[in-house]
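Data from run.txt: compact mmCIF, C-alpha atoms and all ligand atoms
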```txt
# COMPACT_ATOMS: atom_id res chain seq x y z
CA MET A 1 23.05 237.01 -82.88
CA SER A 2 19.92 234.92 -82.25
CA LYS A 3 16.57 236.60 -81.59
CA ARG A 4 16.57 235.34 -78.01
CA VAL A 5 20.01 236.81 -77.29
CA LYS A 6 18.98 240.10 -78.90
CA VAL A 7 15.85 240.39 -76.76
CA LEU A 8 17.63 239.44 -73.56
CA THR A 9 20.31 242.01 -74.35
CA ALA A 10 17.49 244.52 -74.72
CA ALA A 11 16.18 243.48 -71.26
CA ALA A 12 19.61 244.12 -69.70
CA ALA A 13 19.90 247.44 -71.55
CA LEU A 14 16.45 248.46 -70.30
CA ALA A 15 17.49 247.81 -66.68
CA ALA A 16 20.68 249.82 -67.20
CA LEU A 17 18.71 252.68 -68.78
CA VAL A 18 16.20 252.73 -65.91
CA ILE A 19 18.91 252.78 -63.25
CA ALA A 20 21.12 255.36 -64.96
CA GLY A 21 18.16 257.60 -65.88
CA SER A 22 16.73 257.35 -62.37
CA LEU A 23 20.07 258.26 -60.81
CA LEU A 24 20.19 261.33 -62.99
CA SER A 25 16.61 262.40 -62.33
CA SER A 26 16.92 261.81 -58.55
CA ARG A 27 19.88 264.13 -58.62
CA LEU A 28 17.97 266.74 -60.62
CA TRP A 29 14.93 266.60 -58.35
CA GLY A 30 17.02 266.36 -55.18
CA GLU A 31 16.00 263.61 -52.77
CA LYS A 32 14.20 264.87 -49.67
CA GLN A 33 14.66 263.06 -46.40
CA SER A 34 12.65 262.87 -43.19
CA LYS A 35 13.82 265.56 -40.84
CA ALA A 36 13.09 264.95 -37.16
CA ASN A 37 13.36 262.07 -34.72
CA LEU A 38 12.29 261.47 -31.16
CA SER A 39 14.90 259.52 -29.29
CA GLY A 40 14.94 258.87 -25.58
CA PRO A 41 12.36 259.98 -23.01
CA LEU A 42 10.54 263.33 -23.34
CA VAL A 43 12.24 266.23 -21.54
CA TYR A 44 9.83 268.59 -19.78
CA SER A 45 9.40 270.72 -16.70
CA GLN A 46 6.65 272.76 -15.09
CA GLY A 47 5.83 276.06 -16.73
CA MET A 48 7.69 275.21 -19.94
CA THR A 49 6.49 277.02 -23.03
CA ALA A 50 5.85 275.13 -26.23
CA ALA A 51 8.98 276.63 -27.76
CA GLU A 52 11.04 275.48 -24.78
CA PHE A 53 9.48 272.03 -24.94
CA ALA A 54 10.27 271.85 -28.66
CA ALA A 55 13.86 272.98 -28.13
CA ALA A 56 14.44 270.63 -25.19
CA ASN A 57 13.26 267.66 -27.24
CA ASP A 58 14.74 268.78 -30.55
CA LEU A 59 11.30 268.86 -32.14
CA PRO A 60 9.84 271.25 -34.71
CA LEU A 61 7.54 273.75 -32.97
CA GLU A 62 4.63 272.82 -35.25
CA VAL A 63 4.87 269.20 -34.08
CA VAL A 64 4.58 270.36 -30.46
CA THR A 65 1.68 272.75 -31.10
CA ALA A 66 -0.17 270.08 -33.07
CA SER A 67 0.44 267.53 -30.31
CA PHE A 68 -0.91 269.85 -27.61
CA GLY A 69 -3.60 271.35 -29.81
CA SER A 70 -5.78 268.29 -29.60
CA ARG A 71 -5.75 268.31 -25.79
CA GLU A 72 -8.31 269.81 -23.49
CA GLY A 73 -7.90 273.58 -23.37
CA GLY A 74 -5.65 273.40 -26.43
CA PHE A 75 -2.24 274.95 -26.87
CA PRO A 76 -1.07 277.38 -25.45
CA TYR A 77 -3.53 276.99 -22.58
CA TYR A 78 -2.60 273.43 -21.87
CA ASP A 79 -1.37 273.27 -18.29
CA MET A 80 2.19 272.01 -18.39
CA LYS A 81 2.01 271.51 -14.62
CA ALA A 82 -0.07 268.45 -15.38
CA LEU A 83 2.84 266.76 -17.14
CA PRO A 84 3.39 263.97 -17.83
CA PRO A 85 -0.07 263.88 -19.45
CA ASP A 86 -1.42 260.56 -20.60
CA GLY A 87 -0.59 259.72 -24.17
CA LEU A 88 1.56 262.81 -24.76
CA ARG A 89 4.40 260.76 -26.17
CA ALA A 90 2.01 258.92 -28.46
CA SER A 91 0.53 262.14 -29.78
CA VAL A 92 4.00 263.70 -30.25
CA GLU A 93 5.07 260.59 -32.18
CA ARG A 94 1.94 260.73 -34.31
CA GLU A 95 2.40 264.41 -35.17
CA LEU A 96 6.09 263.83 -35.80
CA ALA A 97 5.29 261.01 -38.24
CA LEU A 98 2.89 263.30 -40.12
CA TYR A 99 5.45 266.12 -40.12
CA ASN A 100 8.12 263.81 -41.54
CA GLU A 101 5.72 262.50 -44.18
CA ALA A 102 4.98 266.03 -45.37
CA ALA A 103 8.65 267.07 -45.19
CA SER A 104 9.76 264.11 -47.32
CA LYS A 105 7.42 264.96 -50.20
CA ASN A 106 8.28 266.90 -53.30
CA TRP A 107 4.86 268.42 -53.92
CA LEU A 108 5.75 269.89 -57.31
CA LYS A 109 6.80 266.46 -58.56
CA ILE A 110 3.66 264.86 -57.13
CA ILE A 111 1.33 267.37 -58.81
CA LEU A 112 3.22 267.00 -62.09
CA LYS A 113 2.90 263.22 -61.86
CA PHE A 114 -0.84 263.34 -61.37
CA VAL A 115 -1.19 265.73 -64.31
CA MET A 116 0.90 263.38 -66.46
CA TRP A 117 -1.14 260.38 -65.30
CA ALA A 118 -4.34 262.14 -66.34
CA ALA A 119 -2.92 263.09 -69.75
CA PHE A 120 -1.41 259.67 -70.46
CA LEU A 121 -4.48 257.70 -69.43
CA LEU A 122 -6.69 259.98 -71.53
CA VAL A 123 -4.55 259.08 -74.55
CA VAL A 124 -4.51 255.32 -73.89
CA PHE A 125 -8.20 254.94 -72.97
CA PRO A 126 -9.69 255.67 -76.44
CA LEU A 127 -6.99 253.56 -78.09
CA LEU A 128 -7.90 250.63 -75.87
CA ARG A 129 -11.62 251.13 -76.44
CA ARG A 130 -11.02 250.87 -80.20
CA GLY A 131 -8.85 247.76 -79.81
CA LEU A 132 -5.82 249.60 -81.18
CA VAL A 133 -3.43 248.78 -78.34
CA LYS A 134 -1.34 245.99 -79.75
CA GLY A 135 2.11 245.02 -81.02
CA ALA A 136 4.78 247.67 -81.19
CA LEU A 137 2.40 250.47 -80.12
CA ARG A 138 1.73 248.68 -76.82
CA ASN A 139 5.43 248.25 -76.16
CA TRP A 140 6.12 251.91 -76.90
CA LEU A 141 3.32 252.95 -74.56
CA TYR A 142 4.78 250.81 -71.79
CA PHE A 143 8.22 252.20 -72.49
CA ALA A 144 6.84 255.75 -72.31
CA GLY A 145 5.16 254.85 -69.00
CA VAL A 146 8.47 253.57 -67.61
CA LEU A 147 10.31 256.72 -68.69
CA ILE A 148 7.68 259.22 -67.55
CA PHE A 149 6.24 257.75 -64.35
CA GLY A 150 9.35 255.94 -63.16
CA VAL A 151 12.60 257.34 -64.52
CA ALA A 152 11.56 261.00 -64.77
CA LEU A 153 9.06 261.22 -61.90
CA GLY A 154 10.47 258.64 -59.51
CA ALA A 155 9.39 255.91 -57.13
CA ASP A 156 6.96 258.05 -55.16
CA PRO A 157 4.01 258.40 -55.39
CA SER A 158 2.71 255.10 -56.69
CA PRO A 159 -0.57 253.23 -56.32
CA MET A 160 1.24 250.56 -54.27
CA GLY A 161 2.80 253.18 -51.99
CA THR A 162 -0.54 254.72 -51.08
CA VAL A 163 -1.73 251.45 -49.56
CA LYS A 164 1.58 250.17 -48.19
CA ASP A 165 2.67 253.45 -46.60
CA ALA A 166 -0.80 254.06 -45.16
CA VAL A 167 -0.80 250.64 -43.48
CA VAL A 168 2.76 251.09 -42.19
CA LEU A 169 2.24 254.65 -40.91
CA TYR A 170 -0.99 253.75 -39.15
CA GLY A 171 0.46 250.58 -37.66
CA GLN A 172 3.59 252.32 -36.43
CA SER A 173 2.18 255.60 -35.12
CA GLY A 174 -1.62 255.56 -35.41
CA ALA A 175 -1.36 258.48 -37.86
CA ILE A 176 -3.27 258.92 -41.12
CA PHE A 177 -1.66 261.21 -43.68
CA PRO A 178 -4.59 263.00 -45.40
CA PRO A 179 -2.88 263.68 -48.79
CA ARG A 180 -2.16 259.96 -49.11
CA LEU A 181 -5.80 259.11 -48.52
CA LYS A 182 -6.76 261.54 -51.28
CA ALA A 183 -4.27 259.91 -53.66
CA LEU A 184 -5.59 256.47 -52.76
CA GLY A 185 -9.12 257.72 -53.38
CA ILE A 186 -8.09 258.93 -56.86
CA PHE A 187 -6.42 255.60 -57.68
CA LEU A 188 -9.42 253.60 -56.52
CA LEU A 189 -11.74 255.88 -58.47
CA LEU A 190 -9.69 255.11 -61.58
CA VAL A 191 -10.05 251.40 -60.85
CA VAL A 192 -13.79 251.81 -60.48
CA LEU A 193 -14.00 253.84 -63.70
CA ALA A 194 -11.87 251.58 -65.86
CA ASN A 195 -10.72 248.30 -64.39
CA LYS A 196 -7.28 248.81 -62.88
CA PHE A 197 -6.43 251.25 -65.61
CA ILE A 198 -3.95 253.02 -63.37
CA CYS A 199 -2.12 249.72 -62.78
CA SER A 200 -2.22 248.83 -66.44
CA TRP A 201 -0.79 252.00 -67.83
CA GLY A 202 0.28 254.34 -65.03
CA CYS A 203 2.05 252.34 -62.33
CA GLN A 204 5.79 252.69 -62.84
CA LEU A 205 6.50 249.14 -61.66
CA GLY A 206 3.49 247.65 -63.42
CA VAL A 207 4.52 248.96 -66.84
CA LEU A 208 8.13 247.88 -66.27
CA GLN A 209 7.07 244.31 -65.43
CA ASP A 210 4.74 244.31 -68.43
CA LEU A 211 7.52 245.44 -70.73
CA TYR A 212 9.76 242.64 -69.44
CA PHE A 213 6.99 240.13 -69.99
CA ARG A 214 6.62 241.32 -73.61
CA LEU A 215 10.39 241.02 -74.08
CA GLY A 216 10.29 237.47 -72.72
CA GLN A 217 7.47 236.56 -75.09
CA ALA A 218 9.30 238.17 -78.01
CA ALA A 219 12.32 236.01 -77.13
CA GLY A 220 10.13 232.92 -77.30
CA LEU A 221 10.40 232.16 -73.58
CA LYS A 222 7.81 229.85 -72.05
CA ARG A 223 4.85 231.63 -70.43
CA TRP A 224 3.91 230.53 -66.92
CA ARG A 225 0.36 231.03 -65.73
CA LEU A 226 -0.04 230.48 -62.00
CA PRO A 227 -3.53 229.60 -60.71
CA PHE A 228 -5.31 232.60 -59.23
CA THR A 229 -6.22 230.74 -56.04
CA PHE A 230 -2.50 230.35 -55.37
CA THR A 231 -1.42 233.90 -56.29
CA ASN A 232 -4.27 235.55 -54.43
CA THR A 233 -3.76 233.45 -51.30
CA VAL A 234 -0.10 234.47 -51.25
CA ARG A 235 -1.14 238.10 -51.75
CA VAL A 236 -3.66 238.03 -48.91
CA LEU A 237 -1.16 236.40 -46.55
CA PHE A 238 1.46 238.95 -47.50
CA PHE A 239 -0.99 241.79 -46.81
CA VAL A 240 -1.70 240.33 -43.36
CA ALA A 241 2.05 240.05 -42.71
CA LEU A 242 2.47 243.69 -43.79
CA ALA A 243 -0.23 244.82 -41.33
CA LEU A 244 1.16 242.70 -38.47
CA GLY A 245 4.69 243.92 -39.19
CA ALA A 246 3.47 247.54 -39.13
CA MET A 247 1.78 246.98 -35.76
CA MET A 248 5.12 245.72 -34.47
CA GLY A 249 6.86 248.83 -35.81
CA SER A 250 8.40 247.52 -39.02
CA ASP A 251 7.85 247.87 -42.74
CA ILE A 252 8.43 244.45 -44.27
CA ILE A 253 8.38 245.77 -47.85
CA ALA A 254 10.92 248.57 -47.37
CA PRO A 255 14.10 246.42 -47.54
CA VAL A 256 13.06 244.85 -50.85
CA ASP A 257 10.74 247.51 -52.27
CA PRO A 258 11.08 247.03 -56.07
CA PHE A 259 9.82 250.56 -56.78
CA LYS A 260 13.24 251.69 -55.54
CA ILE A 261 14.68 250.70 -58.89
CA TYR A 262 13.62 254.26 -59.70
CA SER A 263 15.50 255.53 -56.67
CA PRO A 264 18.67 253.42 -57.00
CA LEU A 265 20.60 255.10 -54.19
CA ALA A 266 17.93 253.88 -51.75
CA LEU A 267 18.28 250.25 -52.90
CA THR A 268 19.80 247.89 -50.37
CA ILE A 269 21.77 244.85 -51.53
CA TRP A 270 18.69 242.77 -50.75
CA GLY A 271 16.51 245.21 -52.66
CA ALA A 272 18.81 245.07 -55.70
CA GLY A 273 18.78 241.26 -55.61
CA PHE A 274 15.01 241.15 -55.22
CA VAL A 275 14.25 243.55 -58.06
CA THR A 276 16.65 241.63 -60.34
CA LEU A 277 14.81 238.41 -59.49
CA LEU A 278 11.45 240.09 -60.01
CA LEU A 279 12.33 241.41 -63.46
CA ALA A 280 13.83 238.05 -64.44
CA ALA A 281 10.60 236.34 -63.32
CA SER A 282 8.60 238.91 -65.32
CA LEU A 283 10.13 237.50 -68.51
CA PHE A 284 8.09 234.32 -67.90
CA LEU A 285 5.31 235.35 -65.57
CA TYR A 286 2.86 238.20 -66.07
CA ARG A 287 3.36 240.93 -63.43
CA PRO A 288 4.57 238.73 -60.57
CA TRP A 289 4.70 241.55 -58.01
CA CYS A 290 1.13 242.62 -58.84
CA HIS A 291 -0.31 239.13 -58.61
CA LEU A 292 1.65 237.79 -55.65
CA LEU A 293 2.62 240.63 -53.35
CA CYS A 294 1.28 244.09 -54.15
CA PRO A 295 -1.05 245.55 -51.48
CA PHE A 296 -2.70 247.80 -54.07
CA GLY A 297 -3.03 244.81 -56.36
CA LEU A 298 -5.20 243.19 -53.70
CA VAL A 299 -7.24 246.30 -52.86
CA GLY A 300 -7.59 247.13 -56.56
CA TRP A 301 -8.75 243.60 -57.32
CA LEU A 302 -11.62 244.08 -54.86
CA ALA A 303 -12.49 247.49 -56.35
CA GLU A 304 -12.40 246.00 -59.85
CA LYS A 305 -15.60 244.16 -59.03
CA ILE A 306 -17.57 247.37 -59.52
CA SER A 307 -15.62 248.79 -62.47
CA VAL A 308 -17.72 250.64 -65.03
CA TYR A 309 -15.50 249.98 -68.08
CA LYS A 310 -14.13 246.46 -68.34
CA VAL A 311 -13.42 243.62 -70.73
CA LYS A 312 -16.69 242.09 -71.90
CA VAL A 313 -17.72 239.40 -74.35
CA ASP A 314 -20.63 239.63 -76.78
CA TYR A 315 -21.76 236.01 -76.99
CA ALA A 316 -23.87 236.71 -80.08
CA LYS A 317 -20.59 237.29 -81.96
CA CYS A 318 -18.32 234.93 -79.99
CA THR A 319 -17.49 231.72 -81.85
CA ALA A 320 -16.00 230.06 -78.74
CA CYS A 321 -12.64 229.72 -80.50
CA GLY A 322 -10.74 230.58 -77.29
CA ALA A 323 -8.30 232.97 -79.06
CA CYS A 324 -8.83 235.64 -76.40
CA GLU A 325 -8.18 233.21 -73.55
CA GLN A 326 -5.02 232.03 -75.28
CA ALA A 327 -3.82 235.60 -75.89
CA CYS A 328 -4.42 236.78 -72.32
CA PRO A 329 -1.15 236.87 -70.39
CA SER A 330 -2.83 235.56 -67.24
CA THR A 331 -5.79 233.33 -66.39
CA VAL A 332 -8.36 236.13 -66.26
CA MET A 333 -9.73 236.01 -69.81
CA GLY A 334 -10.64 232.36 -69.41
CA ALA A 335 -12.62 233.29 -66.29
CA ILE A 336 -14.30 236.26 -67.99
CA LEU A 337 -15.14 234.21 -71.08
CA LYS A 338 -16.78 231.43 -69.13
CA ARG A 339 -18.11 233.76 -66.41
CA ASP A 340 -16.44 231.97 -63.51
CA ARG A 341 -17.57 232.99 -60.04
CA VAL A 342 -14.15 234.42 -59.21
CA ILE A 343 -12.61 236.70 -61.80
CA PRO A 344 -8.86 237.30 -61.32
CA ASP A 345 -7.16 240.67 -61.87
CA CYS A 346 -7.52 242.11 -65.36
CA PHE A 347 -4.82 244.60 -66.28
CA SER A 348 -6.68 246.10 -69.24
CA CYS A 349 -3.80 245.28 -71.55
CA GLY A 350 -5.99 244.80 -74.61
CA ASP A 351 -4.44 241.50 -75.76
CA CYS A 352 -7.82 239.79 -75.78
CA LEU A 353 -9.44 242.54 -77.85
CA ALA A 354 -6.69 242.37 -80.43
CA ALA A 355 -6.82 238.57 -80.59
CA CYS A 356 -10.56 238.06 -81.12
CA PRO A 357 -11.19 237.35 -84.83
CA ALA A 358 -14.94 237.94 -84.44
CA GLY A 359 -14.76 241.35 -82.73
CA ALA A 360 -16.69 239.90 -79.79
CA VAL A 361 -14.43 241.24 -77.04
CA SER A 362 -14.75 244.88 -76.05
CA PHE A 363 -13.57 247.26 -73.36
CA SER A 364 -16.90 248.88 -72.61
CA ALA A 365 -19.32 249.98 -69.91
CA GLY A 366 -22.05 247.86 -68.40
CA ARG A 367 -22.56 244.42 -66.93
CA ARG A 368 -20.95 241.30 -68.32
CA GLN A 369 -23.30 238.86 -70.03
CA ARG A 370 -23.51 235.21 -69.11
CA PRO A 371 -22.60 232.76 -71.88
CA PRO A 372 -25.35 230.50 -73.21
CA ALA A 373 -25.31 227.21 -71.29
CA ASP A 374 -23.80 225.09 -74.09
CA LYS A 375 -21.50 227.76 -75.53
CA PHE A 376 -18.24 226.10 -74.55
CA LYS A 377 -19.33 222.48 -74.66
CA LYS A 378 -17.23 220.46 -77.08
CA SER A 379 -19.38 219.01 -79.86
S1 LIG M 401 -0.76 245.87 -58.72
FE1 LIG M 401 1.06 246.17 -59.98
S2 LIG M 401 0.54 247.85 -61.28
FE2 LIG M 401 -0.89 247.90 -59.55
S3 LIG M 401 0.07 249.21 -58.00
FE3 LIG M 401 0.74 247.14 -57.59
S4 LIG M 401 2.68 247.02 -58.68
FE4 LIG M 401 1.61 248.73 -59.53
S1 LIG M 402 -5.90 239.98 -72.21
FE1 LIG M 402 -6.42 239.39 -70.09
S2 LIG M 402 -5.45 240.96 -68.79
FE2 LIG M 402 -5.46 241.75 -70.90
S3 LIG M 402 -7.34 242.98 -71.04
FE3 LIG M 402 -7.87 240.93 -71.75
S4 LIG M 402 -8.63 239.84 -69.93
FE4 LIG M 402 -7.53 241.67 -69.21
```
Target format structure tokens, applied to this file:
Amino acid sequence: MSKRVKVLTAAAALAALVIAGSLLSSRLWGEKQSKANLSGPLVYSQGMTAAEFAAANDLPLEVVTASFGSREGGFPYYDMKALPPDGLRASVERELALYNEAASKNWLKIILKFVMWAAFLLVVFPLLRRGLVKGALRNWLYFAGVLIFGVALGADPSPMGTVKDAVVLYGQSGAIFPPRLKALGIFLLLVVLANKFICSWGCQLGVLQDLYFRLGQAAGLKRWRLPFTFTNTVRVLFFVALALGAMMGSDIIAPVDPFKIYSPLALTIWGAGFVTLLLAASLFLYRPWCHLLCPFGLVGWLAEKISVYKVKVDYAKCTACGACEQACPSTVMGAILKRDRVIPDCFSCGDCLAACPAGAVSFSAGRRQRPPADKFKKS
């Protein structure tokens, strides 16, 4: 069997492992579903108690008390004679959305995932700093990330979900789910601390795409590098479409959400087709979802601008051989090396560190230097 066939067989086996393992773990964790809906007009009458209002509308009592609690006088003093109060339906819908968000979460799994993220990133960070993340070790780390953060701990939460679900929930109901904001804050803090480190090593879809890219390279497939102006324009437009869709009551990512590969029973036929296409594209293209479509990819790229730890070049050691630029799976190392005005996303993969024969590339704190004016001029 040729090397290419072997590697592509491994890619198919990886997909099968992810789907079968995720089916098993979803069953073990037990999938939680949203509980309550508001259909039809609100049912109310004068003198109704909150409990009666809740029962008449098939709503959880806590949704009703929260909806009335924010009104003048507060529940239970709110005067039901004044019904229908302005905006009551909107506030019931908002509280219902928050209730369903909380009810759909498995808090034990979420806490465990954050603990595992902290532990895993603390292991990878010093390895990356020392330039030891390369070759088989890198692939095993990605594989471990796929198994832990995806197969074992599922599609939710994810860095992408914190942005996407926040935009959708706010657009659809005007609600902000506080635990999600905290999670987003933690993810952005990690980006600020160490350049998209959570995407690099903790995002369940990010590591899966990365692993596929490494398999494609091992099979000798051609590497495509799309210009950042193109990928980022697509990503911005997609973000705008997501926000507009949310304001019109829909979630444009949900039908094709590739994170659902870790929740296979939730995959639609379109979703299955899309994730297959995405993983096939990942064999040639570095992290296509991250660069072209991911809402957190876009937000994280902005936050990356103030990252403390990042890839830097020591121009006193650099021999301008271009090995780091060549080794980088995307266009970012070329931009870092030459200090372009716009630096694309860096996924802290460590390829550039491992490739530099002069030890001039580091993953370290502080500002990036500017190259001497004639550093990259051909003699
Ligand atoms: S940019 Fe990529 S790695 Fe980061 S959250 Fe999005 S899918 Fe995950
Ligand atoms: S090889 Fe590219 S993506 Fe990887 S750490 Fe270096 S600059 Fe970032």
Practice task
Kindly provide, as number ranges by chain, all nucleotide and amino acid residues lying within 10 Å of ligand LIG 401 (chain M), counting all atoms listed in the file.
Solution key: A: 158-164, 187, 191, 196-210, 258-259, 287-301, 345, 347
Practice task
List the neighbours of Arg368 in chain A out to 10 Å using all atoms listed in the file; skip same-chain residues closer than 3 positions along the sequence, and give me the result as a list in words.
Solution key: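 Counting only the stated atoms, we get Lys310, Val311, Lys312, Val313, Asp314, Ile336, Leu337, Arg339, Ser364, Ala365 and Pro371 of chain A.
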Go ahead and dump the residues you just picked, C-alpha atoms, as a PDB file, in the coordinates of the input.
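Below you can see selection.pdb, which holds the result:
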```pdb
ATOM      1  CA  LYS A 310     -14.130 246.460 -68.340  1.00  0.00           C
ATOM      2  CA  VAL A 311     -13.420 243.620 -70.730  1.00  0.00           C
ATOM      3  CA  LYS A 312     -16.690 242.090 -71.900  1.00  0.00           C
ATOM      4  CA  VAL A 313     -17.720 239.400 -74.350  1.00  0.00           C
ATOM      5  CA  ASP A 314     -20.630 239.630 -76.780  1.00  0.00           C
ATOM      6  CA  ILE A 336     -14.300 236.260 -67.990  1.00  0.00           C
ATOM      7  CA  LEU A 337     -15.140 234.210 -71.080  1.00  0.00           C
ATOM      8  CA  ARG A 339     -18.110 233.760 -66.410  1.00  0.00           C
ATOM      9  CA  SER A 364     -16.900 248.880 -72.610  1.00  0.00           C
ATOM     10  CA  ALA A 365     -19.320 249.980 -69.910  1.00  0.00           C
ATOM     11  CA  PRO A 371     -22.600 232.760 -71.880  1.00  0.00           C
TER      12      PRO A 371
END
```
Exercise for the section: Could you report the residues within 9 Å of ligand LIG 402 (chain M), using only C-alpha atoms and all ligand atoms, as a ChimeraX atom specification? Expected result: /A:195,200,310-312,324-337,344-355,361,363
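Taking CA of Phe177 in chain A and CA of Thr49 in chain A as endpoints, the distance between them is 27.3 Å.
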Handout entry: Contacts of Ala243 in chain A within 9 Å, only C-alpha atoms, excl. fewer than 3 positions in-chain, as a PyMOL selection string
Key = chain A and resi 164+167-168+171+238-240+246-248+251
Exercise for the section: Measuring atom to atom with all atoms listed in the file, identify which of A:Leu96, A:Leu24, A:Phe228, A:Trp29 is nearest to Ala54 in chain A. Expected result: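 Of the candidates, the smallest distance to Ala54 in chain A is held by A:Leu96.
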